[in-house]
$ cat my_file.cif   # mmCIF, C-alpha atoms
data_final
#
loop_
_atom_site.group_PDB
_atom_site.id
_atom_site.type_symbol
_atom_site.label_atom_id
_atom_site.label_comp_id
_atom_site.auth_asym_id
_atom_site.auth_seq_id
_atom_site.Cartn_x
_atom_site.Cartn_y
_atom_site.Cartn_z
ATOM 1 C CA MET Q 1 0.000 0.000 0.000
ATOM 2 C CA ASN Q 2 1.356 3.396 -0.938
ATOM 3 C CA HIS Q 3 1.294 5.973 1.876
ATOM 4 C CA GLN Q 4 -0.110 8.632 -0.472
ATOM 5 C CA THR Q 5 -3.283 6.546 -0.885
ATOM 6 C CA THR Q 6 -3.667 5.553 2.734
ATOM 7 C CA THR Q 7 -6.517 6.942 4.795
ATOM 8 C CA THR Q 8 -4.247 7.637 7.758
ATOM 9 C CA ASP Q 9 -4.935 11.240 8.720
ATOM 10 C CA ASN Q 10 -1.767 11.569 10.824
ATOM 11 C CA TRP Q 11 0.794 10.411 8.239
ATOM 12 C CA ASP Q 12 3.058 13.415 8.857
ATOM 13 C CA ALA Q 13 3.204 12.644 12.582
ATOM 14 C CA ILE Q 14 3.973 8.970 11.880
ATOM 15 C CA ARG Q 15 6.749 9.929 9.453
ATOM 16 C CA GLU Q 16 8.240 12.411 11.935
ATOM 17 C CA ALA Q 17 8.238 9.737 14.669
ATOM 18 C CA CYS Q 18 9.986 7.343 12.288
ATOM 19 C CA LEU Q 19 12.615 9.993 11.487
ATOM 20 C CA GLU Q 20 13.527 9.979 15.171
ATOM 21 C CA VAL Q 21 14.204 6.227 14.990
ATOM 22 C CA LEU Q 22 15.575 5.585 11.493
ATOM 23 C CA PRO Q 23 18.163 7.562 9.513
ATOM 24 C CA ALA Q 24 16.975 9.529 6.485
ATOM 25 C CA PRO Q 25 18.639 7.270 3.845
ATOM 26 C CA ILE Q 26 16.690 4.230 5.086
ATOM 27 C CA ILE Q 27 13.448 6.201 5.114
ATOM 28 C CA ALA Q 28 14.191 7.430 1.588
ATOM 29 C CA PHE Q 29 14.794 3.833 0.426
ATOM 30 C CA ILE Q 30 11.484 2.682 1.917
ATOM 31 C CA GLU Q 31 9.619 5.595 0.358
ATOM 32 C CA GLN Q 32 11.181 5.198 -3.093
ATOM 33 C CA ASN Q 33 10.017 1.563 -3.135
ATOM 34 C CA GLN Q 34 6.473 2.392 -2.013
ATOM 35 C CA GLY Q 35 5.115 2.900 -5.503
ATOM 36 C CA LEU Q 36 6.623 -0.275 -6.906
ATOM 37 C CA GLU Q 37 4.623 -3.435 -7.434
ATOM 38 C CA HIS Q 38 5.377 -5.862 -4.563
ATOM 39 C CA SER Q 39 7.189 -3.143 -2.599
ATOM 40 C CA GLU Q 40 6.968 -5.378 0.496
ATOM 41 C CA GLY Q 41 9.519 -7.571 -1.323
ATOM 42 C CA GLN Q 42 12.133 -4.997 -0.251
ATOM 43 C CA LEU Q 43 11.578 -5.789 3.438
ATOM 44 C CA ILE Q 44 14.680 -7.964 3.799
ATOM 45 C CA ALA Q 45 16.810 -5.298 2.096
ATOM 46 C CA VAL Q 46 15.415 -2.664 4.472
ATOM 47 C CA LEU Q 47 16.091 -4.844 7.518
ATOM 48 C CA HIS Q 48 19.672 -5.420 6.318
ATOM 49 C CA MET Q 49 20.107 -1.641 6.015
ATOM 50 C CA VAL Q 50 18.750 -1.090 9.528
ATOM 51 C CA GLN Q 51 21.011 -3.760 11.000
ATOM 52 C CA ALA Q 52 24.039 -2.443 9.100
ATOM 53 C CA HIS Q 53 23.395 1.014 10.556
ATOM 54 C CA PHE Q 54 22.574 0.075 14.167
ATOM 55 C CA GLY Q 55 24.165 -3.372 14.520
ATOM 56 C CA TYR Q 56 20.831 -4.991 15.382
ATOM 57 C CA LEU Q 57 17.081 -4.731 14.870
ATOM 58 C CA GLY Q 58 15.201 -3.439 17.891
ATOM 59 C CA ALA Q 59 11.457 -3.317 18.449
ATOM 60 C CA ASP Q 60 11.335 0.447 17.847
ATOM 61 C CA LYS Q 61 13.219 0.091 14.573
ATOM 62 C CA MET Q 62 11.023 -2.757 13.318
ATOM 63 C CA ASN Q 63 7.919 -0.771 14.247
ATOM 64 C CA ALA Q 64 9.173 2.256 12.300
ATOM 65 C CA VAL Q 65 9.862 0.055 9.243
ATOM 66 C CA ALA Q 66 6.355 -1.437 9.515
ATOM 67 C CA GLN Q 67 4.742 1.997 9.800
ATOM 68 C CA LEU Q 68 6.624 3.528 6.887
ATOM 69 C CA ALA Q 69 6.316 0.533 4.586
ATOM 70 C CA GLN Q 70 2.685 -0.004 5.583
ATOM 71 C CA ILE Q 71 3.438 -3.661 6.360
ATOM 72 C CA PRO Q 72 1.959 -5.327 9.459
ATOM 73 C CA LEU Q 73 4.421 -5.365 12.363
ATOM 74 C CA ALA Q 74 3.791 -9.114 12.725
ATOM 75 C CA LYS Q 75 5.167 -9.656 9.212
ATOM 76 C CA VAL Q 76 8.253 -7.507 9.861
ATOM 77 C CA THR Q 77 8.894 -9.316 13.144
ATOM 78 C CA GLY Q 78 8.274 -12.677 11.486
ATOM 79 C CA VAL Q 79 10.892 -12.005 8.814
ATOM 80 C CA ALA Q 80 13.386 -10.679 11.371
ATOM 81 C CA THR Q 81 13.013 -13.710 13.627
ATOM 82 C CA PHE Q 82 12.947 -16.268 10.802
ATOM 83 C CA TYR Q 83 16.346 -15.403 9.354
ATOM 84 C CA HIS Q 84 19.267 -16.329 11.595
ATOM 85 C CA TYR Q 85 21.321 -13.448 10.219
ATOM 86 C CA PHE Q 86 19.214 -10.796 11.932
ATOM 87 C CA ARG Q 87 19.958 -9.824 15.529
ATOM 88 C CA LEU Q 88 17.163 -8.436 17.675
ATOM 89 C CA ASN Q 89 19.444 -7.221 20.454
ATOM 90 C CA PRO Q 90 22.682 -5.252 20.461
ATOM 91 C CA ARG Q 91 25.901 -7.215 20.382
ATOM 92 C CA GLY Q 92 28.584 -6.822 22.960
ATOM 93 C CA LYS Q 93 31.961 -5.251 22.340
ATOM 94 C CA HIS Q 94 33.452 -8.764 22.185
ATOM 95 C CA MET Q 95 31.819 -11.703 20.444
ATOM 96 C CA ILE Q 96 32.538 -15.114 21.985
ATOM 97 C CA ASN Q 97 31.815 -18.214 19.918
ATOM 98 C CA VAL Q 98 32.022 -21.652 21.527
ATOM 99 C CA CYS Q 99 32.555 -24.419 18.996
ATOM 100 C CA LEU Q 100 30.116 -27.265 19.593
ATOM 101 C CA GLY Q 101 31.171 -29.290 16.558
ATOM 102 C CA THR Q 102 31.808 -32.998 17.059
ATOM 103 C CA ALA Q 103 35.548 -32.799 17.810
ATOM 104 C CA CYS Q 104 35.105 -29.942 20.290
ATOM 105 C CA TYR Q 105 32.010 -31.427 21.901
ATOM 106 C CA VAL Q 106 33.695 -34.808 22.454
ATOM 107 C CA LYS Q 107 36.581 -32.996 24.155
ATOM 108 C CA GLY Q 108 34.395 -31.028 26.578
ATOM 109 C CA ALA Q 109 33.054 -27.955 24.763
ATOM 110 C CA ASP Q 110 29.767 -28.305 26.667
ATOM 111 C CA LYS Q 111 31.656 -27.803 29.948
ATOM 112 C CA ILE Q 112 33.372 -24.725 28.507
ATOM 113 C CA ALA Q 113 30.002 -23.360 27.407
ATOM 114 C CA GLN Q 114 28.520 -23.918 30.878
ATOM 115 C CA ARG Q 115 31.505 -22.223 32.500
ATOM 116 C CA LEU Q 116 31.263 -19.173 30.226
ATOM 117 C CA MET Q 117 27.516 -18.927 30.784
ATOM 118 C CA GLY Q 118 28.121 -18.983 34.523
ATOM 119 C CA ASP Q 119 30.956 -16.452 34.366
ATOM 120 C CA LEU Q 120 29.002 -14.077 32.143
ATOM 121 C CA GLY Q 121 25.534 -14.650 33.602
ATOM 122 C CA ILE Q 122 24.034 -15.094 30.120
ATOM 123 C CA GLN Q 123 22.926 -17.862 27.761
ATOM 124 C CA PHE Q 124 23.773 -18.389 24.096
ATOM 125 C CA GLY Q 125 22.393 -15.555 21.999
ATOM 126 C CA GLU Q 126 22.547 -13.029 24.834
ATOM 127 C CA THR Q 127 24.717 -10.037 25.694
ATOM 128 C CA THR Q 128 26.009 -9.070 29.124
ATOM 129 C CA LYS Q 129 24.334 -6.109 30.819
ATOM 130 C CA ASP Q 130 27.510 -4.023 30.477
ATOM 131 C CA GLN Q 131 27.483 -4.708 26.693
ATOM 132 C CA MET Q 132 30.998 -6.145 26.966
ATOM 133 C CA PHE Q 133 30.353 -9.729 25.737
ATOM 134 C CA SER Q 134 27.902 -11.611 23.534
ATOM 135 C CA LEU Q 135 27.908 -15.413 23.623
ATOM 136 C CA GLU Q 136 27.114 -17.637 20.644
ATOM 137 C CA SER Q 137 27.578 -21.257 19.715
ATOM 138 C CA THR Q 138 28.849 -22.446 16.386
ATOM 139 C CA ARG Q 139 28.973 -25.851 14.747
ATOM 140 C CA CYS Q 140 32.566 -25.665 13.500
ATOM 141 C CA LEU Q 141 35.410 -23.178 13.434
ATOM 142 C CA GLY Q 142 37.576 -25.379 11.217
ATOM 143 C CA THR Q 143 40.228 -25.911 13.871
ATOM 144 C CA CYS Q 144 39.371 -29.451 14.942
ATOM 145 C CA GLY Q 145 43.027 -30.252 15.641
ATOM 146 C CA LEU Q 146 42.947 -27.700 18.480
ATOM 147 C CA ALA Q 147 39.681 -28.960 20.005
ATOM 148 C CA PRO Q 148 38.029 -27.764 22.120
ATOM 149 C CA VAL Q 149 38.148 -24.168 20.921
ATOM 150 C CA ILE Q 150 36.507 -20.824 21.498
ATOM 151 C CA MET Q 151 36.806 -17.740 19.357
ATOM 152 C CA VAL Q 152 36.774 -14.235 20.825
ATOM 153 C CA ASP Q 153 36.205 -11.680 18.093
ATOM 154 C CA GLU Q 154 38.538 -13.042 15.373
ATOM 155 C CA GLN Q 155 41.035 -14.843 17.628
ATOM 156 C CA VAL Q 156 40.803 -18.612 18.105
ATOM 157 C CA PHE Q 157 41.904 -20.145 21.404
ATOM 158 C CA GLY Q 158 42.497 -23.855 21.725
ATOM 159 C CA PRO Q 159 42.695 -26.275 23.172
ATOM 160 C CA VAL Q 160 41.054 -24.665 26.193
ATOM 161 C CA SER Q 161 39.704 -25.983 29.459
ATOM 162 C CA PRO Q 162 36.810 -24.365 31.306
ATOM 163 C CA GLN Q 163 39.320 -22.705 33.647
ATOM 164 C CA GLU Q 164 41.350 -21.343 30.720
ATOM 165 C CA ALA Q 165 38.171 -19.969 29.155
ATOM 166 C CA SER Q 166 37.553 -17.995 32.365
ATOM 167 C CA LEU Q 167 41.117 -16.646 32.263
ATOM 168 C CA ILE Q 168 40.641 -15.540 28.653
ATOM 169 C CA LEU Q 169 37.546 -13.576 29.733
ATOM 170 C CA GLU Q 170 39.519 -11.952 32.536
ATOM 171 C CA LYS Q 171 42.174 -10.769 30.044
ATOM 172 C CA TYR Q 172 39.510 -9.073 27.911
ATOM 173 C CA LEU Q 173 37.947 -7.500 30.996
ATOM 174 C CA LYS Q 174 41.339 -6.163 32.124
ATOM 175 C CA LYS Q 175 41.990 -4.725 28.644
ATOM 176 C CA GLY Q 176 38.610 -2.978 28.757
ATOM 177 C CA LYS Q 177 39.279 -1.516 32.204
ATOM 178 C CA ALA Q 178 42.763 -0.345 31.216
ATOM 179 C CA LYS Q 179 41.375 1.456 28.150
ATOM 180 C CA ALA Q 180 38.644 3.060 30.263
ATOM 181 C CA GLU Q 181 41.217 4.327 32.774
ATOM 182 C CA VAL Q 182 43.343 5.890 30.007
ATOM 183 C CA LYS Q 183 40.423 8.002 28.786
#
$ encode --input "my_file.cif" --output "structure tokens"
Amino acid sequence: MNHQTTTTDNWDAIREACLEVLPAPIIAFIEQNQGLEHSEGQLIAVLHMVQAHFGYLGADKMNAVAQLAQIPLAKVTGVATFYHYFRLNPRGKHMINVCLGTACYVKGADKIAQRLMGDLGIQFGETTKDQMFSLESTRCLGTCGLAPVIMVDEQVFGPVSPQEASLILEKYLKKGKAKAEVK
């Protein structure tokens, strides 16, 4: 549905509210696609743009996309939650991936995962309250000879024990505190 033909009598207010949430280039992209046949087919492209700009899709951002594109919020949310690529919450400064592939799992990756969850106070797919760490699982990091492994940002550590995983976290925490003190 094109917003020029909608019966919404407060379109200007809706657009202004969306401008507070989404950057102008994303709004322009949504609006330029409004007149096209099957404009809702651009939803994934719009969600990629939003995530590229903010790093994640939040409820306020998905609502703004739904309002501007005149697509039901349930559909926008459905697309965002269906595709594994989209993140609904902000990521932490450091991304921790625990390999749960066969070689790592056989050598105790589940114990490492439990230790990290306990240390961080989060589950897979979550971010710590201080936004320092996000924890994910992966099926293979391609370093089976080092099993079990974890990857922090782009650095692979292995083989690691649960205790060593905790020490790795401590190093990243100390680096973060040292940088904060320098500022």
$ closest_residue --input "my_file.cif" --among "Q:Gln155, Q:Asn97, Q:Gln51, Q:Ser161" --to "Phe133 in chain Q" --atoms "all atoms listed in the file"
Q:Asn97
$ resolve_selection --input "my_file.cif" --expression "the PyMOL selection byres ((chain Q and resi 120) around 10)" --output "PyMOL selection string"
chain Q and resi 114-119+121-123+126-129+132-135+166+169
$ residues_near_point --input "my_file.cif" --point "(19.0, -2.2, 8.0)" --cutoff "10 Å" --atoms "all atoms listed in the file" --output "list in words"
Leu22, Pro23, Ile26, Leu43, Ile44, Ala45, Val46, Leu47, His48, Met49, Val50, Gln51, Ala52, His53, Phe54, Gly55, Tyr56, Leu57, Lys61, Met62, Val65 and Phe86 of chain Q
$ atom_distance --input "my_file.cif" --atom1 "CA of Arg87 in chain Q" --atom2 "CA of Ala13 in chain Q"
28.2 Å
$ residues_near_point --input "my_file.cif" --point "(37.8, -32.4, 13.6)" --cutoff "8 Å" --atoms "only C-alpha atoms" --output "ChimeraX atom specification"
/Q:101-104,142-145,147
$ closest_residue --input "my_file.cif" --among "Q:Thr77, Q:Asn33, Q:Gln42, Q:Ser137" --to "Ala113 in chain Q" --atoms "all atoms listed in the file"
Q:Ser137
$ atom_distance --input "my_file.cif" --atom1 "CA of Ile168 in chain Q" --atom2 "CA of Leu141 in chain Q"
17.8 Å
$ atom_distance --input "my_file.cif" --atom1 "CA of Cys99 in chain Q" --atom2 "CA of Asp130 in chain Q"
23.9 Å
$ residues_around --input "my_file.cif" --residues "Arg15 in chain Q" --least-positions-apart "6" --cutoff "12 Å" --atoms "all atoms listed in the file" --output "PyMOL selection string"
chain Q and resi 3+8-9+21-24+27-28+30-31+63-70
$ decode --input "my_file.cif" --residues "range 74-102 of chain Q" --atoms "N, CA, C and O atoms" --output "PDB file, in the first residue's frame"
ATOM      1  N   ALA Q  74       3.628  -7.660  12.575  1.00  0.00           N
ATOM      2  CA  ALA Q  74       3.791  -9.114  12.725  1.00  0.00           C
ATOM      3  C   ALA Q  74       4.606  -9.690  11.565  1.00  0.00           C
ATOM      4  O   ALA Q  74       5.423 -10.601  11.766  1.00  0.00           O
ATOM      5  N   LYS Q  75       4.411  -9.165  10.364  1.00  0.00           N
ATOM      6  CA  LYS Q  75       5.167  -9.656   9.212  1.00  0.00           C
ATOM      7  C   LYS Q  75       6.633  -9.236   9.321  1.00  0.00           C
ATOM      8  O   LYS Q  75       7.537 -10.036   9.062  1.00  0.00           O
ATOM      9  N   VAL Q  76       6.873  -7.992   9.711  1.00  0.00           N
ATOM     10  CA  VAL Q  76       8.253  -7.507   9.861  1.00  0.00           C
ATOM     11  C   VAL Q  76       8.969  -8.332  10.930  1.00  0.00           C
ATOM     12  O   VAL Q  76      10.092  -8.803  10.723  1.00  0.00           O
ATOM     13  N   THR Q  77       8.316  -8.528  12.053  1.00  0.00           N
ATOM     14  CA  THR Q  77       8.894  -9.316  13.144  1.00  0.00           C
ATOM     15  C   THR Q  77       9.109 -10.763  12.711  1.00  0.00           C
ATOM     16  O   THR Q  77      10.130 -11.370  13.031  1.00  0.00           O
ATOM     17  N   GLY Q  78       8.156 -11.304  11.971  1.00  0.00           N
ATOM     18  CA  GLY Q  78       8.274 -12.677  11.486  1.00  0.00           C
ATOM     19  C   GLY Q  78       9.487 -12.870  10.595  1.00  0.00           C
ATOM     20  O   GLY Q  78      10.220 -13.854  10.729  1.00  0.00           O
ATOM     21  N   VAL Q  79       9.721 -11.928   9.690  1.00  0.00           N
ATOM     22  CA  VAL Q  79      10.892 -12.005   8.814  1.00  0.00           C
ATOM     23  C   VAL Q  79      12.170 -11.868   9.641  1.00  0.00           C
ATOM     24  O   VAL Q  79      13.124 -12.626   9.461  1.00  0.00           O
ATOM     25  N   ALA Q  80      12.183 -10.923  10.557  1.00  0.00           N
ATOM     26  CA  ALA Q  80      13.386 -10.679  11.371  1.00  0.00           C
ATOM     27  C   ALA Q  80      13.733 -11.870  12.246  1.00  0.00           C
ATOM     28  O   ALA Q  80      14.907 -12.164  12.465  1.00  0.00           O
ATOM     29  N   THR Q  81      12.736 -12.570  12.747  1.00  0.00           N
ATOM     30  CA  THR Q  81      13.013 -13.710  13.627  1.00  0.00           C
ATOM     31  C   THR Q  81      13.237 -15.002  12.848  1.00  0.00           C
ATOM     32  O   THR Q  81      13.850 -15.928  13.356  1.00  0.00           O
ATOM     33  N   PHE Q  82      12.770 -15.061  11.605  1.00  0.00           N
ATOM     34  CA  PHE Q  82      12.947 -16.268  10.802  1.00  0.00           C
ATOM     35  C   PHE Q  82      14.391 -16.422  10.343  1.00  0.00           C
ATOM     36  O   PHE Q  82      14.951 -17.507  10.370  1.00  0.00           O
ATOM     37  N   TYR Q  83      14.993 -15.337   9.900  1.00  0.00           N
ATOM     38  CA  TYR Q  83      16.346 -15.403   9.354  1.00  0.00           C
ATOM     39  C   TYR Q  83      17.376 -15.274  10.466  1.00  0.00           C
ATOM     40  O   TYR Q  83      17.390 -14.298  11.209  1.00  0.00           O
ATOM     41  N   HIS Q  84      18.257 -16.274  10.541  1.00  0.00           N
ATOM     42  CA  HIS Q  84      19.267 -16.329  11.595  1.00  0.00           C
ATOM     43  C   HIS Q  84      20.233 -15.145  11.534  1.00  0.00           C
ATOM     44  O   HIS Q  84      20.807 -14.757  12.540  1.00  0.00           O
ATOM     45  N   TYR Q  85      20.381 -14.551  10.382  1.00  0.00           N
ATOM     46  CA  TYR Q  85      21.321 -13.448  10.219  1.00  0.00           C
ATOM     47  C   TYR Q  85      20.944 -12.228  11.057  1.00  0.00           C
ATOM     48  O   TYR Q  85      21.803 -11.506  11.538  1.00  0.00           O
ATOM     49  N   PHE Q  86      19.647 -12.002  11.228  1.00  0.00           N
ATOM     50  CA  PHE Q  86      19.214 -10.796  11.932  1.00  0.00           C
ATOM     51  C   PHE Q  86      19.352 -10.950  13.434  1.00  0.00           C
ATOM     52  O   PHE Q  86      19.043 -11.984  14.010  1.00  0.00           O
ATOM     53  N   ARG Q  87      19.824  -9.875  14.071  1.00  0.00           N
ATOM     54  CA  ARG Q  87      19.958  -9.824  15.529  1.00  0.00           C
ATOM     55  C   ARG Q  87      18.910  -8.852  16.067  1.00  0.00           C
ATOM     56  O   ARG Q  87      18.771  -7.744  15.570  1.00  0.00           O
ATOM     57  N   LEU Q  88      18.210  -9.280  17.102  1.00  0.00           N
ATOM     58  CA  LEU Q  88      17.163  -8.436  17.675  1.00  0.00           C
ATOM     59  C   LEU Q  88      17.673  -7.606  18.843  1.00  0.00           C
ATOM     60  O   LEU Q  88      16.990  -6.700  19.299  1.00  0.00           O
ATOM     61  N   ASN Q  89      18.868  -7.939  19.324  1.00  0.00           N
ATOM     62  CA  ASN Q  89      19.444  -7.221  20.454  1.00  0.00           C
ATOM     63  C   ASN Q  89      20.853  -6.768  20.098  1.00  0.00           C
ATOM     64  O   ASN Q  89      21.513  -7.383  19.263  1.00  0.00           O
ATOM     65  N   PRO Q  90      21.324  -5.715  20.757  1.00  0.00           N
ATOM     66  CA  PRO Q  90      22.682  -5.252  20.461  1.00  0.00           C
ATOM     67  C   PRO Q  90      23.721  -6.303  20.823  1.00  0.00           C
ATOM     68  O   PRO Q  90      23.522  -7.081  21.756  1.00  0.00           O
ATOM     69  N   ARG Q  91      24.789  -6.315  20.085  1.00  0.00           N
ATOM     70  CA  ARG Q  91      25.901  -7.215  20.382  1.00  0.00           C
ATOM     71  C   ARG Q  91      26.862  -6.526  21.333  1.00  0.00           C
ATOM     72  O   ARG Q  91      26.985  -5.307  21.340  1.00  0.00           O
ATOM     73  N   GLY Q  92      27.576  -7.349  22.059  1.00  0.00           N
ATOM     74  CA  GLY Q  92      28.584  -6.822  22.960  1.00  0.00           C
ATOM     75  C   GLY Q  92      29.828  -6.374  22.209  1.00  0.00           C
ATOM     76  O   GLY Q  92      29.993  -6.639  21.014  1.00  0.00           O
ATOM     77  N   LYS Q  93      30.702  -5.717  22.922  1.00  0.00           N
ATOM     78  CA  LYS Q  93      31.961  -5.251  22.340  1.00  0.00           C
ATOM     79  C   LYS Q  93      32.774  -6.436  21.832  1.00  0.00           C
ATOM     80  O   LYS Q  93      33.443  -6.344  20.815  1.00  0.00           O
ATOM     81  N   HIS Q  94      32.716  -7.552  22.565  1.00  0.00           N
ATOM     82  CA  HIS Q  94      33.452  -8.764  22.185  1.00  0.00           C
ATOM     83  C   HIS Q  94      32.472  -9.903  21.946  1.00  0.00           C
ATOM     84  O   HIS Q  94      31.606 -10.166  22.773  1.00  0.00           O
ATOM     85  N   MET Q  95      32.656 -10.571  20.823  1.00  0.00           N
ATOM     86  CA  MET Q  95      31.819 -11.703  20.444  1.00  0.00           C
ATOM     87  C   MET Q  95      32.555 -12.988  20.784  1.00  0.00           C
ATOM     88  O   MET Q  95      33.655 -13.213  20.290  1.00  0.00           O
ATOM     89  N   ILE Q  96      31.943 -13.826  21.626  1.00  0.00           N
ATOM     90  CA  ILE Q  96      32.538 -15.114  21.985  1.00  0.00           C
ATOM     91  C   ILE Q  96      31.741 -16.215  21.308  1.00  0.00           C
ATOM     92  O   ILE Q  96      30.523 -16.303  21.475  1.00  0.00           O
ATOM     93  N   ASN Q  97      32.422 -17.048  20.545  1.00  0.00           N
ATOM     94  CA  ASN Q  97      31.815 -18.214  19.918  1.00  0.00           C
ATOM     95  C   ASN Q  97      32.421 -19.465  20.529  1.00  0.00           C
ATOM     96  O   ASN Q  97      33.651 -19.607  20.556  1.00  0.00           O
ATOM     97  N   VAL Q  98      31.575 -20.365  21.007  1.00  0.00           N
ATOM     98  CA  VAL Q  98      32.022 -21.652  21.527  1.00  0.00           C
ATOM     99  C   VAL Q  98      31.732 -22.684  20.454  1.00  0.00           C
ATOM    100  O   VAL Q  98      30.583 -22.839  20.028  1.00  0.00           O
ATOM    101  N   CYS Q  99      32.748 -23.392  20.007  1.00  0.00           N
ATOM    102  CA  CYS Q  99      32.555 -24.419  18.996  1.00  0.00           C
ATOM    103  C   CYS Q  99      31.928 -25.641  19.655  1.00  0.00           C
ATOM    104  O   CYS Q  99      32.451 -26.175  20.638  1.00  0.00           O
ATOM    105  N   LEU Q 100      30.792 -26.061  19.108  1.00  0.00           N
ATOM    106  CA  LEU Q 100      30.116 -27.265  19.593  1.00  0.00           C
ATOM    107  C   LEU Q 100      30.104 -28.352  18.525  1.00  0.00           C
ATOM    108  O   LEU Q 100      29.275 -29.261  18.559  1.00  0.00           O
ATOM    109  N   GLY Q 101      31.026 -28.240  17.564  1.00  0.00           N
ATOM    110  CA  GLY Q 101      31.171 -29.290  16.558  1.00  0.00           C
ATOM    111  C   GLY Q 101      31.601 -30.589  17.225  1.00  0.00           C
ATOM    112  O   GLY Q 101      31.987 -30.618  18.406  1.00  0.00           O
ATOM    113  N   THR Q 102      31.556 -31.668  16.491  1.00  0.00           N
ATOM    114  CA  THR Q 102      31.808 -32.998  17.059  1.00  0.00           C
ATOM    115  C   THR Q 102      33.135 -33.086  17.799  1.00  0.00           C
ATOM    116  O   THR Q 102      33.174 -33.521  18.955  1.00  0.00           O
TER     117      THR Q 102
END
